Amino acid sequence: MSDIYEKALKAHAQWRGKIGVQAKARVESKEDLSLAYTPGVAEPCRKIHEEPQKVYDYTWKGNTVAVVTDGTAVLGLGDIGPEAALPVMEGKALLFKEFADIDAVPICLNTKDPQEIIQIVKAMAPTFGGINLEDISAPRCVEIERTLMAELDIPVFHDDQHGTAIVTIAALINALKIVKKEAEQLKVVISGTGAAGSAIIKMLAHFGVKNIIAYNIDGVLSKTSGRSLSFLEKEIVEISNPENFQGTMAEAMKGADVFIGVSAPRLVTKEMVASMNQGAIVFPMANPESEIDYDDAIAAGAAVVGTGRSDHPNQINNVLAFPGLFKGAFVAGATKITDNMKLAAAKAIAEIIPESDLTSEYIIPSAFNRELVDVIIEKVAEAAVADGVIRS
């Protein structure tokens, strides 16, 4: 692993940034200059002033995303600040361009104040067709996203929450086909109730899962836990733990059908996996070290295992979701990204693999499957239209 870090460092030193600005208009003559800039540019300005929605016709707004962070929850690195977060945001912008031909601009903010972040993003929103929030710590990220969704007329999406949830559900859809189980019948145990965990829990409920038992550093979440709950935890207990289970995670995993981990390394033992139901699905996704090693989960009897790592089968990777999701929203002229649009993306990711090709080691398509983005775009755009979240 140290070898890839050394290679990446050298590559970044050579690139001096992974993205740049590429001109679409030619400026090789006086006429070119007068069309792209003064005096000709005055006419699209006048048209947009008369009818603000024309900005989508005459500028880059309809295909451009701001990738916004405060650097407080970067990958597995934590709160490393805006400058140190910039390589990740550049990488995100590169993926938007490479996978969906969306122009994306990395924006790293030197503030941790949620209200200040909200005001900055609102102030710069006229330039962009969408906002992708990235690597902002929980629960602040939820407050920031919800406020921006309510107050802006463009799609706002926190990828650490919903991108992870979308691809997790996609993996689950195909894993269920292999073990021949239905969502409504499942007992699901989740470790981690932060940004990703809370979004996964909500999407599981939207998908039809009835019995979800969630754990965090303070133990099981329940209505009668006797401890003070954050606003996010209060929302989770309303849709989870229907039988008010009070035991440990090891006890909860007895007879469970699915384990999903977005928390910390080495929390799950072979014995815990072995105690699950036949046809157990195990998704330990903590990075860089997961809740249980892939090989250990397999040895303990798990039928299907997926992780966040690229060196094991079934990598649950956000890049499968966010490029096509945003492009679908743009194609439809959507003003927001709804739960149904997210679920449509998850189903599209799952269904790109023919059922006859599914195996326990192949439940998630490659990020380099060039058909995938087009399928997501189509399904997400259809869901946006069905939900009526289209610009008038």
# chains A, B, ... in the order shown; residues from 1 in each chain; ligands from 1
>>> residues_around(residues="region 142-157 of chain A", least_positions_apart="4", cutoff="9 Å", atoms="only C-alpha atoms", output="VMD selection string")
chain A and resid 114 to 115 117 to 118 121 to 122 125 128 to 134 137 to 138 161 to 163 195 232 322 326 329 to 330 333 to 337 391
>>> residues_around(residues="region 341-356 of chain A", least_positions_apart="6", cutoff="9 Å", atoms="only C-alpha atoms", output="ChimeraX atom specification")
/A:162-163,165-174,177-178,203,206-207,320-322,324-325,328-329,362-365,371-373,375-384,387
>>> residues_around(residues="region 302-312 of chain A", least_positions_apart="5", cutoff="6 Å", atoms="only C-alpha atoms", output="list in words")
Gly279, Ala280, Ile281, Val282, Phe283, Pro284, Met285, Ala297 and Ser360 of chain A
>>> write_last_selection(atoms="N, CA and C atoms", output="PDB file, in the first residue's frame")
ATOM      1  N   GLY A 279     -27.207 -17.637   4.503  1.00  0.00           N
ATOM      2  CA  GLY A 279     -27.276 -16.658   3.424  1.00  0.00           C
ATOM      3  C   GLY A 279     -26.978 -15.248   3.899  1.00  0.00           C
ATOM      4  N   ALA A 280     -26.080 -15.132   4.881  1.00  0.00           N
ATOM      5  CA  ALA A 280     -25.768 -13.821   5.471  1.00  0.00           C
ATOM      6  C   ALA A 280     -25.075 -12.912   4.455  1.00  0.00           C
ATOM      7  N   ILE A 281     -25.470 -11.636   4.475  1.00  0.00           N
ATOM      8  CA  ILE A 281     -24.866 -10.599   3.645  1.00  0.00           C
ATOM      9  C   ILE A 281     -24.095  -9.661   4.573  1.00  0.00           C
ATOM     10  N   VAL A 282     -22.806  -9.464   4.298  1.00  0.00           N
ATOM     11  CA  VAL A 282     -21.953  -8.684   5.187  1.00  0.00           C
ATOM     12  C   VAL A 282     -21.254  -7.598   4.372  1.00  0.00           C
ATOM     13  N   PHE A 283     -21.533  -6.334   4.727  1.00  0.00           N
ATOM     14  CA  PHE A 283     -20.914  -5.194   4.057  1.00  0.00           C
ATOM     15  C   PHE A 283     -20.122  -4.362   5.071  1.00  0.00           C
ATOM     16  N   PRO A 284     -18.894  -4.769   5.424  1.00  0.00           N
ATOM     17  CA  PRO A 284     -18.063  -3.961   6.322  1.00  0.00           C
ATOM     18  C   PRO A 284     -17.301  -2.911   5.513  1.00  0.00           C
ATOM     19  N   MET A 285     -17.673  -1.641   5.629  1.00  0.00           N
ATOM     20  CA  MET A 285     -17.179  -0.626   4.693  1.00  0.00           C
ATOM     21  C   MET A 285     -16.288   0.437   5.304  1.00  0.00           C
ATOM     22  N   ALA A 297     -14.720 -12.786   6.986  1.00  0.00           N
ATOM     23  CA  ALA A 297     -16.172 -12.857   6.850  1.00  0.00           C
ATOM     24  C   ALA A 297     -16.584 -14.053   5.988  1.00  0.00           C
ATOM     25  N   SER A 360     -21.580 -14.414  -6.076  1.00  0.00           N
ATOM     26  CA  SER A 360     -21.291 -13.849  -4.754  1.00  0.00           C
ATOM     27  C   SER A 360     -20.137 -12.853  -4.806  1.00  0.00           C
TER      28      SER A 360
END
>>> select_by_dssp(residues="region 29-264 of chain A", states="helix (DSSP H, G or I)", output="ChimeraX atom specification")
/A:30-36,42-50,52-58,61-63,82-100,114-127,140-151,159-179,183-185,195-207,231-237,249-252
>>> atom_distance(atom1="CA of Lys54 (chain A)", atom2="CA of Val41 (chain A)")
13.8 Å
>>> atom_distance(atom1="CA of Ala199 (chain A)", atom2="CA of Ala300 (chain A)")
28.0 Å
>>> decode(residues="region 177-191 of chain A", atoms="N, CA and C atoms", output="PDB file, in the first residue's frame")
ATOM      1  N   LYS A 177     -30.821 -11.152  -4.489  1.00  0.00           N
ATOM      2  CA  LYS A 177     -31.142 -12.079  -5.573  1.00  0.00           C
ATOM      3  C   LYS A 177     -30.360 -13.385  -5.418  1.00  0.00           C
ATOM      4  N   ILE A 178     -29.117 -13.280  -4.954  1.00  0.00           N
ATOM      5  CA  ILE A 178     -28.279 -14.468  -4.792  1.00  0.00           C
ATOM      6  C   ILE A 178     -28.767 -15.331  -3.632  1.00  0.00           C
ATOM      7  N   VAL A 179     -29.106 -14.698  -2.501  1.00  0.00           N
ATOM      8  CA  VAL A 179     -29.516 -15.478  -1.322  1.00  0.00           C
ATOM      9  C   VAL A 179     -31.021 -15.725  -1.292  1.00  0.00           C
ATOM     10  N   LYS A 180     -31.715 -15.154  -2.296  1.00  0.00           N
ATOM     11  CA  LYS A 180     -33.159 -15.386  -2.448  1.00  0.00           C
ATOM     12  C   LYS A 180     -33.953 -14.953  -1.210  1.00  0.00           C
ATOM     13  N   LYS A 181     -33.761 -13.697  -0.834  1.00  0.00           N
ATOM     14  CA  LYS A 181     -34.513 -13.106   0.264  1.00  0.00           C
ATOM     15  C   LYS A 181     -35.157 -11.811  -0.204  1.00  0.00           C
ATOM     16  N   GLU A 182     -36.193 -11.384   0.510  1.00  0.00           N
ATOM     17  CA  GLU A 182     -36.913 -10.152   0.199  1.00  0.00           C
ATOM     18  C   GLU A 182     -36.613  -9.089   1.253  1.00  0.00           C
ATOM     19  N   ALA A 183     -36.640  -7.843   0.837  1.00  0.00           N
ATOM     20  CA  ALA A 183     -36.307  -6.738   1.736  1.00  0.00           C
ATOM     21  C   ALA A 183     -37.183  -6.737   2.982  1.00  0.00           C
ATOM     22  N   GLU A 184     -38.464  -7.007   2.812  1.00  0.00           N
ATOM     23  CA  GLU A 184     -39.410  -6.929   3.929  1.00  0.00           C
ATOM     24  C   GLU A 184     -39.140  -7.983   5.003  1.00  0.00           C
ATOM     25  N   GLN A 185     -38.425  -9.038   4.644  1.00  0.00           N
ATOM     26  CA  GLN A 185     -38.170 -10.139   5.579  1.00  0.00           C
ATOM     27  C   GLN A 185     -36.876  -9.966   6.367  1.00  0.00           C
ATOM     28  N   LEU A 186     -36.089  -8.973   6.049  1.00  0.00           N
ATOM     29  CA  LEU A 186     -34.726  -8.887   6.565  1.00  0.00           C
ATOM     30  C   LEU A 186     -34.648  -8.360   7.989  1.00  0.00           C
ATOM     31  N   LYS A 187     -33.656  -8.869   8.697  1.00  0.00           N
ATOM     32  CA  LYS A 187     -33.170  -8.243   9.927  1.00  0.00           C
ATOM     33  C   LYS A 187     -31.787  -7.691   9.602  1.00  0.00           C
ATOM     34  N   VAL A 188     -31.663  -6.380   9.704  1.00  0.00           N
ATOM     35  CA  VAL A 188     -30.420  -5.697   9.318  1.00  0.00           C
ATOM     36  C   VAL A 188     -29.796  -5.041  10.542  1.00  0.00           C
ATOM     37  N   VAL A 189     -28.515  -5.297  10.761  1.00  0.00           N
ATOM     38  CA  VAL A 189     -27.755  -4.653  11.832  1.00  0.00           C
ATOM     39  C   VAL A 189     -26.764  -3.687  11.195  1.00  0.00           C
ATOM     40  N   ILE A 190     -26.756  -2.452  11.701  1.00  0.00           N
ATOM     41  CA  ILE A 190     -25.872  -1.414  11.155  1.00  0.00           C
ATOM     42  C   ILE A 190     -24.975  -0.873  12.254  1.00  0.00           C
ATOM     43  N   SER A 191     -23.688  -0.768  11.944  1.00  0.00           N
ATOM     44  CA  SER A 191     -22.735  -0.144  12.850  1.00  0.00           C
ATOM     45  C   SER A 191     -22.314   1.196  12.263  1.00  0.00           C
TER      46      SER A 191
END
